[in-house]
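For reference, run.cif (mmCIF, C-alpha atoms and all ligand atoms):
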data_coords
loop_
_atom_site.label_atom_id
_atom_site.label_comp_id
_atom_site.auth_asym_id
_atom_site.auth_seq_id
_atom_site.Cartn_x
_atom_site.Cartn_y
_atom_site.Cartn_z
CA MET O 1 225.56 111.40 141.42
CA ARG O 2 221.89 110.51 141.76
CA ILE O 3 220.28 109.70 145.10
CA GLY O 4 217.11 107.63 145.23
CA VAL O 5 214.79 108.37 148.15
CA ILE O 6 212.12 105.84 149.07
CA GLY O 7 209.29 107.88 150.52
CA ALA O 8 208.63 111.35 149.16
CA GLY O 9 207.13 113.18 152.13
CA GLN O 10 208.45 116.44 153.52
CA LEU O 11 211.73 114.80 154.59
CA GLY O 12 212.47 113.57 151.07
CA ARG O 13 211.47 116.96 149.77
CA MET O 14 213.89 118.76 152.11
CA LEU O 15 216.69 116.33 151.15
CA VAL O 16 216.18 117.36 147.53
CA LEU O 17 216.13 121.06 148.39
CA ALA O 18 219.43 120.63 150.29
CA GLY O 19 221.17 118.39 147.77
CA ARG O 20 220.47 120.15 144.49
CA PRO O 21 222.87 123.05 145.22
CA LEU O 22 225.63 120.44 145.62
CA GLY O 23 224.99 119.29 142.06
CA ILE O 24 223.25 116.10 143.16
CA ASP O 25 220.22 114.69 141.34
CA PHE O 26 217.32 112.90 142.94
CA LEU O 27 214.71 110.32 142.05
CA LEU O 28 211.91 109.78 144.56
CA TYR O 29 209.63 106.78 145.09
CA ASP O 30 206.27 106.89 146.84
CA PRO O 31 202.85 105.21 146.62
CA ALA O 32 201.13 108.62 146.47
CA ALA O 33 201.21 110.42 143.11
CA ASP O 34 200.69 113.75 144.90
CA ALA O 35 203.50 113.23 147.47
CA SER O 36 205.05 116.47 148.71
CA GLY O 37 208.53 115.60 147.39
CA GLY O 38 207.14 115.07 143.89
CA ARG O 39 206.76 118.85 143.59
CA VAL O 40 210.54 119.31 143.63
CA ALA O 41 212.00 116.17 142.00
CA PRO O 42 210.94 113.38 139.62
CA LEU O 43 208.73 110.82 141.35
CA VAL O 44 208.21 107.14 140.62
CA VAL O 45 204.82 105.96 141.91
CA GLY O 46 204.81 102.46 143.34
CA ARG O 47 203.99 100.40 146.41
CA PHE O 48 206.64 100.01 149.11
CA ASP O 49 206.41 96.22 148.79
CA ASP O 50 206.58 96.07 144.97
CA ARG O 51 210.03 94.48 144.59
CA ARG O 52 210.08 94.71 140.79
CA ALA O 53 209.20 98.39 140.76
CA LEU O 54 211.79 99.07 143.48
CA GLU O 55 214.45 97.20 141.51
CA ARG O 56 213.71 99.30 138.42
CA PHE O 57 213.92 102.40 140.59
CA ALA O 58 217.23 101.31 142.15
CA ALA O 59 218.75 100.66 138.72
CA GLN O 60 218.43 104.38 137.99
CA VAL O 61 220.31 105.72 141.04
CA ASP O 62 223.75 105.46 142.69
CA VAL O 63 222.60 105.15 146.28
CA VAL O 64 219.23 104.52 147.93
CA THR O 65 218.02 106.14 151.14
CA PHE O 66 214.54 106.48 152.69
CA ASP O 67 212.51 109.23 154.29
CA TRP O 68 209.81 107.17 156.01
CA GLU O 69 210.36 104.86 158.94
CA ASN O 70 207.80 102.28 157.89
CA VAL O 71 209.31 101.38 154.51
CA PRO O 72 209.52 97.57 154.78
CA ALA O 73 213.10 96.71 155.75
CA ASP O 74 212.84 93.59 153.57
CA SER O 75 212.24 95.74 150.50
CA LEU O 76 215.54 97.51 151.23
CA ARG O 77 217.39 94.27 151.96
CA ALA O 78 216.30 92.98 148.56
CA LEU O 79 218.05 95.93 146.89
CA ARG O 80 221.36 95.46 148.67
CA GLY O 81 223.18 93.49 146.00
CA ARG O 82 222.17 96.04 143.34
CA VAL O 83 222.80 99.40 144.90
CA ALA O 84 224.26 100.94 148.08
CA VAL O 85 221.54 101.33 150.73
CA ARG O 86 222.38 104.05 153.25
CA PRO O 87 221.83 104.01 156.16
CA PRO O 88 221.92 100.19 156.19
CA ALA O 89 218.62 98.29 156.11
CA ARG O 90 219.38 96.83 159.53
CA SER O 91 219.25 100.24 161.20
CA LEU O 92 215.79 100.76 159.74
CA ALA O 93 214.72 97.29 160.91
CA VAL O 94 215.87 98.12 164.45
CA SER O 95 214.10 101.47 164.51
CA GLN O 96 210.87 99.81 163.31
CA ASP O 97 210.69 97.43 166.25
CA ARG O 98 210.47 99.05 169.67
CA LEU O 99 211.58 95.83 171.33
CA ALA O 100 214.67 95.30 169.14
CA GLU O 101 215.50 98.97 169.62
CA LYS O 102 215.30 98.82 173.43
CA ARG O 103 217.35 95.60 173.48
CA LEU O 104 220.03 97.25 171.36
CA PHE O 105 220.09 100.26 173.72
CA ARG O 106 220.50 97.90 176.64
CA ARG O 107 223.33 95.95 174.96
CA LEU O 108 225.17 99.20 174.33
CA GLY O 109 224.74 100.39 177.92
CA VAL O 110 222.22 103.11 176.99
CA ALA O 111 219.61 103.53 179.76
CA THR O 112 215.95 102.83 178.86
CA ALA O 113 212.67 102.70 180.78
CA PRO O 114 212.09 99.26 182.33
CA PHE O 115 210.28 97.24 179.64
CA ALA O 116 208.91 93.80 178.82
CA ALA O 117 207.68 92.12 175.64
CA VAL O 118 203.93 91.37 175.61
CA ASN O 119 202.23 88.77 173.41
CA SER O 120 199.00 88.00 175.29
CA ARG O 121 196.62 89.34 177.94
CA ALA O 122 198.27 87.15 180.57
CA GLY O 123 201.63 88.36 179.31
CA LEU O 124 200.52 91.95 179.86
CA ARG O 125 199.50 91.10 183.44
CA ARG O 126 202.94 89.57 184.05
CA ALA O 127 204.69 92.56 182.44
CA VAL O 128 202.73 95.00 184.62
CA GLY O 129 203.70 92.91 187.66
CA ARG O 130 207.37 93.06 186.70
CA VAL O 131 207.69 96.57 185.34
CA GLY O 132 205.09 98.30 187.55
CA LEU O 133 202.45 101.01 187.14
CA PRO O 134 201.94 103.52 185.65
CA GLY O 135 203.17 102.46 182.26
CA VAL O 136 202.43 102.52 178.57
CA LEU O 137 201.56 99.65 176.26
CA LYS O 138 202.79 100.19 172.71
CA THR O 139 202.64 98.22 169.49
CA ARG O 140 206.14 97.05 168.64
CA ARG O 141 205.68 98.12 165.04
CA LEU O 142 204.00 100.84 163.00
CA GLY O 143 203.50 103.21 165.90
CA TYR O 144 204.36 106.84 165.37
CA ASP O 145 203.14 110.24 166.51
CA GLY O 146 201.57 108.66 169.60
CA LYS O 147 199.49 106.16 167.58
CA GLY O 148 199.31 102.58 168.87
CA GLN O 149 199.71 103.45 172.56
CA ALA O 150 197.60 102.89 175.67
CA TRP O 151 198.39 104.16 179.15
CA LEU O 152 197.86 102.02 182.24
CA LYS O 153 197.42 103.61 185.65
CA ARG O 154 195.63 100.90 187.65
CA PRO O 155 195.67 97.10 187.47
CA ASP O 156 192.13 97.21 185.97
CA ASP O 157 193.50 99.07 182.94
CA VAL O 158 195.04 95.82 181.66
CA GLU O 159 191.69 94.80 180.12
CA THR O 160 190.98 98.03 178.24
CA ALA O 161 194.58 98.47 177.09
CA TYR O 162 194.75 94.91 175.82
CA ALA O 163 191.34 95.23 174.15
CA ALA O 164 192.63 98.34 172.31
CA LEU O 165 195.96 96.97 171.12
CA GLY O 166 196.00 93.18 171.63
CA GLY O 167 196.56 90.63 168.87
CA ARG O 168 199.81 92.28 167.74
CA PRO O 169 203.32 92.03 169.19
CA LEU O 170 203.48 94.63 171.97
CA ILE O 171 205.89 96.16 174.46
CA TYR O 172 205.03 97.45 177.92
CA GLU O 173 207.19 100.24 179.36
CA ALA O 174 207.23 101.94 182.73
CA ARG O 175 206.29 105.61 182.61
CA VAL O 176 209.41 107.76 182.81
CA PRO O 177 208.77 110.79 185.06
CA PHE O 178 210.77 112.99 182.74
CA ARG O 179 211.57 116.69 183.17
CA ARG O 180 211.94 117.26 179.48
CA GLU O 181 212.34 115.50 176.15
CA LEU O 182 215.58 115.98 174.24
CA SER O 183 216.92 114.60 170.99
CA LEU O 184 220.35 114.30 169.48
CA LEU O 185 221.02 114.12 165.77
CA SER O 186 224.38 112.86 164.61
CA VAL O 187 225.81 112.13 161.20
CA ARG O 188 228.39 109.60 160.14
CA GLY O 189 230.18 109.93 156.81
CA ALA O 190 231.12 107.15 154.44
CA ASP O 191 234.71 107.43 155.81
CA GLY O 192 233.54 106.98 159.42
CA ALA O 193 233.84 110.67 160.38
CA ILE O 194 231.17 111.67 162.92
CA ALA O 195 229.61 115.04 163.73
CA HIS O 196 226.97 115.80 166.37
CA TYR O 197 224.42 118.59 166.44
CA PRO O 198 223.64 120.30 169.74
CA LEU O 199 220.81 118.70 171.72
CA ALA O 200 217.30 119.97 170.95
CA GLU O 201 214.51 120.22 173.50
CA ASN O 202 211.19 118.91 172.20
CA ARG O 203 207.60 119.41 173.21
CA HIS O 204 204.92 117.01 172.03
CA GLU O 205 201.16 117.51 172.01
CA GLN O 206 198.90 114.48 171.57
CA GLY O 207 202.00 112.45 170.74
CA ILE O 208 202.99 114.76 167.85
CA LEU O 209 206.07 116.98 167.94
CA ARG O 210 204.95 120.59 168.26
CA LEU O 211 208.08 122.55 169.17
CA SER O 212 211.87 121.98 169.08
CA SER O 213 214.30 124.47 170.56
CA ALA O 214 218.05 124.35 170.14
CA PRO O 215 220.75 124.48 171.23
CA TYR O 216 219.81 122.93 174.57
CA ARG O 217 223.02 123.72 176.41
CA ASP O 218 224.07 121.18 179.02
CA GLY O 219 227.65 119.98 178.69
CA SER O 220 227.15 116.80 180.70
CA LEU O 221 223.97 115.71 178.86
CA GLN O 222 225.51 116.61 175.49
CA ALA O 223 228.51 114.39 176.28
CA GLN O 224 226.26 111.52 177.47
CA ALA O 225 224.12 111.77 174.33
CA GLU O 226 227.13 111.90 172.01
CA ALA O 227 228.64 108.80 173.63
CA HIS O 228 225.34 106.94 173.12
CA LEU O 229 225.07 107.98 169.48
CA GLU O 230 228.68 107.03 168.79
CA ALA O 231 228.05 103.53 170.15
CA LEU O 232 224.95 103.18 167.97
CA LEU O 233 226.57 104.58 164.82
CA ALA O 234 229.52 102.21 165.16
CA ARG O 235 227.39 99.14 165.93
CA LEU O 236 225.08 99.77 162.98
CA ARG O 237 227.93 100.70 160.58
CA TYR O 238 225.79 103.69 159.92
CA VAL O 239 226.12 106.22 157.10
CA GLY O 240 223.87 109.31 157.19
CA VAL O 241 221.91 111.13 159.89
CA LEU O 242 220.70 109.19 162.93
CA GLY O 243 218.37 110.66 165.55
CA VAL O 244 217.68 109.46 169.08
CA GLU O 245 214.90 110.78 171.30
CA PHE O 246 215.67 110.86 175.00
CA PHE O 247 213.85 111.62 178.21
CA GLU O 248 215.79 113.63 180.78
CA ALA O 249 215.10 112.40 184.29
CA GLU O 250 217.21 113.30 187.30
CA GLY O 251 220.06 114.60 185.19
CA ARG O 252 220.27 111.38 183.21
CA LEU O 253 219.32 110.52 179.67
CA ILE O 254 216.88 107.66 179.08
CA ALA O 255 216.62 106.62 175.45
CA ASN O 256 213.12 106.31 174.00
CA GLU O 257 213.58 105.70 170.30
CA THR O 258 215.79 106.00 167.24
CA ALA O 259 215.05 107.48 163.84
CA ALA O 260 217.22 105.98 161.12
CA ARG O 261 216.90 109.09 158.98
CA VAL O 262 216.68 112.84 159.14
CA HIS O 263 214.28 113.80 161.91
CA ASN O 264 211.59 116.38 162.58
CA SER O 265 213.45 117.62 165.69
CA GLY O 266 216.32 118.61 163.37
CA HIS O 267 214.40 120.90 161.02
CA TRP O 268 215.76 123.87 162.98
CA THR O 269 219.21 123.08 161.52
CA ILE O 270 218.18 124.45 158.09
CA GLU O 271 218.51 128.04 159.29
CA GLY O 272 219.87 127.45 162.79
CA SER O 273 223.13 125.62 162.16
CA VAL O 274 226.17 125.84 159.92
CA THR O 275 225.04 122.83 157.81
CA SER O 276 221.50 121.43 157.88
CA GLN O 277 220.76 117.82 158.77
CA PHE O 278 219.46 117.38 155.22
CA GLU O 279 222.66 118.61 153.59
CA ASN O 280 224.78 116.51 155.93
CA HIS O 281 222.72 113.39 155.16
CA VAL O 282 223.23 114.04 151.44
CA ARG O 283 226.96 114.71 151.95
CA ALA O 284 227.35 111.44 153.87
CA LEU O 285 225.52 109.47 151.16
CA ALA O 286 227.55 111.07 148.40
CA GLY O 287 230.89 110.44 150.15
CA LEU O 288 231.49 114.19 150.54
CA PRO O 289 233.10 115.81 153.60
CA LEU O 290 230.59 116.53 156.39
CA GLY O 291 229.72 120.15 157.16
CA GLY O 292 229.89 121.94 160.51
CA THR O 293 227.08 121.21 162.97
CA ALA O 294 227.40 124.17 165.36
CA ALA O 295 224.32 126.29 166.09
CA ARG O 296 224.09 129.79 164.66
CA GLY O 297 222.26 131.64 167.38
CA HIS O 298 219.15 130.25 169.10
CA ALA O 299 216.55 128.46 167.02
CA ALA O 300 213.01 127.19 167.54
CA MET O 301 211.00 125.14 165.09
CA VAL O 302 207.21 124.98 165.24
CA ASN O 303 205.29 122.31 163.36
CA PHE O 304 202.10 123.35 161.62
CA ILE O 305 199.66 120.50 162.01
CA GLY O 306 196.37 120.20 160.11
CA ARG O 307 196.46 123.59 158.36
CA LEU O 308 199.05 126.26 157.54
CA PRO O 309 198.71 129.74 158.97
CA ASP O 310 198.82 132.73 156.65
CA ALA O 311 202.36 133.06 155.22
CA ALA O 312 202.46 136.84 155.68
CA GLN O 313 201.68 136.51 159.39
CA VAL O 314 204.39 133.87 159.88
CA LEU O 315 206.97 135.93 158.04
CA ALA O 316 206.10 139.03 160.07
CA VAL O 317 207.63 137.30 163.12
CA PRO O 318 211.22 138.61 163.37
CA GLY O 319 213.75 135.94 162.37
CA ALA O 320 211.08 133.53 161.10
CA HIS O 321 211.34 131.29 158.03
CA LEU O 322 208.44 129.33 156.57
CA HIS O 323 208.51 125.84 155.04
CA ASP O 324 205.27 124.99 153.23
CA TYR O 325 205.23 121.29 152.30
CA GLU O 326 202.54 121.93 149.64
CA LYS O 327 200.22 119.37 151.19
CA SER O 328 196.45 119.65 151.38
CA PRO O 329 195.08 120.37 154.88
CA ARG O 330 193.99 117.38 156.95
CA PRO O 331 193.57 116.96 160.72
CA GLY O 332 196.75 115.65 162.37
CA ARG O 333 198.86 116.04 159.22
CA LYS O 334 202.18 117.89 159.30
CA VAL O 335 201.67 120.45 156.53
CA GLY O 336 204.63 122.74 157.18
CA HIS O 337 206.88 124.28 159.79
CA ALA O 338 208.49 127.58 160.67
CA THR O 339 211.85 128.24 162.29
CA VAL O 340 212.80 131.36 164.14
CA VAL O 341 216.48 132.14 164.72
CA ALA O 342 217.39 134.83 167.23
CA GLY O 343 220.36 136.25 169.11
CA SER O 344 219.15 135.12 172.52
CA ALA O 345 217.05 132.29 173.95
CA ARG O 346 214.50 134.81 175.28
CA GLU O 347 214.01 136.45 171.92
CA ARG O 348 213.74 133.04 170.30
CA ASP O 349 211.10 131.90 172.81
CA ARG O 350 209.09 135.03 172.15
CA GLY O 351 209.11 134.23 168.43
CA ALA O 352 208.22 130.58 169.09
CA ARG O 353 205.17 131.63 171.16
CA ARG O 354 203.92 133.78 168.29
CA LEU O 355 204.39 130.91 165.82
CA LEU O 356 202.61 128.44 168.12
CA ASP O 357 199.75 130.89 168.45
CA LEU O 358 199.49 131.32 164.66
CA GLY O 359 199.45 127.53 164.27
CA ARG O 360 196.60 127.20 166.78
CA ARG O 361 194.61 130.05 165.27
CA ALA O 362 194.86 128.54 161.79
CA LEU O 363 192.95 125.53 163.10
CA ASP O 364 190.15 127.69 164.53
CA GLU O 365 189.49 129.49 161.25
P1 LIG S 401 206.84 107.47 171.16
O1 LIG S 401 205.88 107.05 170.10
O2 LIG S 401 207.52 106.33 171.84
O3 LIG S 401 207.80 108.52 170.68
O4 LIG S 401 205.97 108.21 172.27
C1 LIG S 401 205.32 109.45 172.01
C2 LIG S 401 205.37 110.32 173.25
O5 LIG S 401 204.71 109.65 174.35
C3 LIG S 401 206.78 110.58 173.76
O6 LIG S 401 207.39 111.63 173.09
C4 LIG S 401 206.50 110.88 175.23
O7 LIG S 401 206.00 112.21 175.36
C5 LIG S 401 205.41 109.90 175.56
N1 LIG S 401 205.99 108.64 176.08
C6 LIG S 401 206.28 107.54 175.36
N2 LIG S 401 206.83 106.57 176.13
C7 LIG S 401 206.89 107.06 177.39
C8 LIG S 401 207.36 106.55 178.64
N3 LIG S 401 207.87 105.32 178.77
N4 LIG S 401 207.28 107.37 179.73
C9 LIG S 401 206.77 108.62 179.62
N5 LIG S 401 206.32 109.14 178.47
C10 LIG S 401 206.36 108.39 177.36
#
So, in terms of structure tokens, how does the structure I just supplied come out?
Ligand code: AMP
Amino acid sequence: MRIGVIGAGQLGRMLVLAGRPLGIDFLLYDPAADASGGRVAPLVVGRFDDRRALERFAAQVDVVTFDWENVPADSLRALRGRVAVRPPARSLAVSQDRLAEKRLFRRLGVATAPFAAVNSRAGLRRAVGRVGLPGVLKTRRLGYDGKGQAWLKRPDDVETAYAALGGRPLIYEARVPFRRELSLLSVRGADGAIAHYPLAENRHEQGILRLSSAPYRDGSLQAQAEAHLEALLARLRYVGVLGVEFFEAEGRLIANETAARVHNSGHWTIEGSVTSQFENHVRALAGLPLGGTAARGHAAMVNFIGRLPDAAQVLAVPGAHLHDYEKSPRPGRKVGHATVVAGSARERDRGARRLLDLGRRALDE
């Protein structure tokens, strides 16, 4: 069994690290010759829109998956007759378009923020009139980690927001006055079996995930989230790990976006659950039985952004594990993460604070 992964960032890398012990081989594909995944598996260097190169790549593997959400969905569709593409290209296409994604949520009865499509300055004015203020204007495509967003507080903000983002297909959403951000990761096997991880609570800074803590224990929210994921998995005929980010407002879940792949808010599962999201994604792709998704203790994952702290200091935190992606430092770049697993939520939070502090101090050095 050989799995081809389009995109060889840290997610592809962690898929390899999880799949090799199962006797599964990997071939990665990425435009960057120094991609993080290329340190742990053979890497084919090519553009994401080079159909010929992708076809040659696909001919060498049994199943193709992807680790980056902006891989052109058309490139995947073109491979369909030649090799199994999992999860299906359509689920990637939906997750790439914030409007298609919100419409799918709505069709499946999953609550979203009020939203409207925007294609012009006048369209933005109409959308603000309908949806209200405050709100956020987002590019429909190619937005991630808070990029491609502009907040509107007053009617005058229409001009500046449109000047910043106009000329591309956009979506305007009402601001959700959320209490917290949660995400659910679920996995569906080739035989249709489904397993859900416990909810994780996520904290973002400047639009980038900084901290995930799990399990977030709330029986009613867990059941709501699982029902939403089951509807999505069935509709998309999904195979692999699917993530959905939610806002929690007034005891209700409001869906923000999907990730048609393993997700940063699930990195805690490597040490914090019975089977990691990476191993379960690989198992699903390979047609193997899914592994247990229960939490083992209380886990927190801290992203290291820009620069890694000193490994010895990270590992001195009780219960901490370090994941160095072997990337060169660069502002805003996810270069690694650490997970702390503890016997209680308090102990875990203490460890998470130390890791966050180390991450911040690394940037000051
Ligand atoms: P996104 O790129 O959609 O994941 O947005 C990045 C972050 O911006 C989210 O994790 C939220 O913290 C915030 N955000 C995005 N959309 C909204 C919204 N409609 N209401 C409130 N906060 C939002």
Practice item. Taking the point (220.7, 112.2, 145.3) as given in the file, collect each protein or nucleic acid residue that comes within 12 Å of it, counting all atoms listed in the file, and present the set as a VMD selection string. Key: chain O and resid 1 to 6 12 to 28 41 to 42 58 60 to 66 86 278 to 279 281 to 287
Check your understanding: What is the distance between CA of Gly306 (chain O) and CA of Lys334 (chain O), in Å to one decimal?
Key -> 6.3 Å
As lines of an AutoDock Vina configuration file, what would the box around ligand LIG 401 (chain S) look like: edges along x, y and z, 6 Å added on every side, centre and edge lengths in Å to one decimal?
center_x = 206.3
center_y = 108.8
center_z = 174.9
size_x = 15.2
size_y = 18.9
size_z = 21.6
Exercise for review: Would you list the contacts of Ala234 (chain O) as a PyMOL selection string, taking every protein, DNA or RNA residue within 12 Å and counting all atoms listed in the file, but skipping same-chain residues closer than 2 positions in sequence?
Suggested key: chain O and resi 87-88+91+108+186-194+227-232+236-239+242
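Between Pro215 (chain O) and the candidates O:Pro177, O:Gly343, O:Gly148, O:Gly336, the tightest atom-to-atom separation, counting all atoms listed in the file, involves O:Gly343.
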Exercise for review: Please give me, as an MDAnalysis selection string, the residues lying within 10 Å of ligand LIG 401 (chain S) when counting only C-alpha atoms and all ligand atoms.
Suggested key: chainID O and resid 98 112:115 134:140 142:151 172:178 180:182 202:209 245:247 254:258
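In this structure, CA of Arg82 (chain O) sits 10.3 Å away from CA of Arg56 (chain O).
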Check your understanding: Around (227.7, 118.1, 171.2) in the file's frame, which residues reach within 10 Å when counting all atoms listed in the file? Return as an MDAnalysis selection string?
Key -> chainID O and resid 184:186 195:199 215:227 293:294
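Nearest residue to His321 (chain O), choosing from O:Thr339, O:Asn303, O:Thr269, O:Ser36 and counting all atoms listed in the file: O:Thr339.
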Can you list every residue of region 179-285 of chain O that has an atom at most 12 Å from region 314-320 of chain O, with its nearest atom pair and the distance in Å to one decimal, using only C-alpha atoms, ordered by chain then number, as CSV?
residue,atom,partner,partner_atom,distance
O:Trp268,CA,O:Ala320,CA,10.9
O:Ile270,CA,O:Ala320,CA,11.9
O:Glu271,CA,O:Ala320,CA,9.4
O:Gly272,CA,O:Gly319,CA,10.5
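Relative to CA of Ala249 (chain O), CA of Arg103 (chain O) is found at 20.1 Å.
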Practice item. Pick out the closest residue to Pro329 (chain O) from this set: O:Ala84, O:Ile305, O:Leu165, O:Leu288. Count only C-alpha atoms. Key: O:Ile305
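Between Val341 (chain O) and the candidates O:Arg354, O:Arg360, O:His298, O:Arg154, the tightest atom-to-atom separation, counting all atoms listed in the file, involves O:His298.
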Selection near Met301 (chain O), 8 Å with all atoms listed in the file, sequence-local residues under 5 positions removed, as a short mmCIF file (atom, residue, chain, number, x, y, z; two decimals) with C-alpha atoms, keeping the file's coordinate frame:
data_model
loop_
_atom_site.label_atom_id
_atom_site.label_comp_id
_atom_site.auth_asym_id
_atom_site.auth_seq_id
_atom_site.Cartn_x
_atom_site.Cartn_y
_atom_site.Cartn_z
CA LEU O 211 208.08 122.55 169.17
CA SER O 212 211.87 121.98 169.08
CA SER O 213 214.30 124.47 170.56
CA SER O 265 213.45 117.62 165.69
CA HIS O 267 214.40 120.90 161.02
CA TRP O 268 215.76 123.87 162.98
CA HIS O 337 206.88 124.28 159.79
CA ALA O 338 208.49 127.58 160.67
CA THR O 339 211.85 128.24 162.29
CA VAL O 340 212.80 131.36 164.14
CA ALA O 352 208.22 130.58 169.09
#
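Among the candidates O:Leu290, O:Thr275, O:Arg330, O:Gly359, the one nearest to Pro309 (chain O) when counting all atoms listed in the file is O:Gly359.
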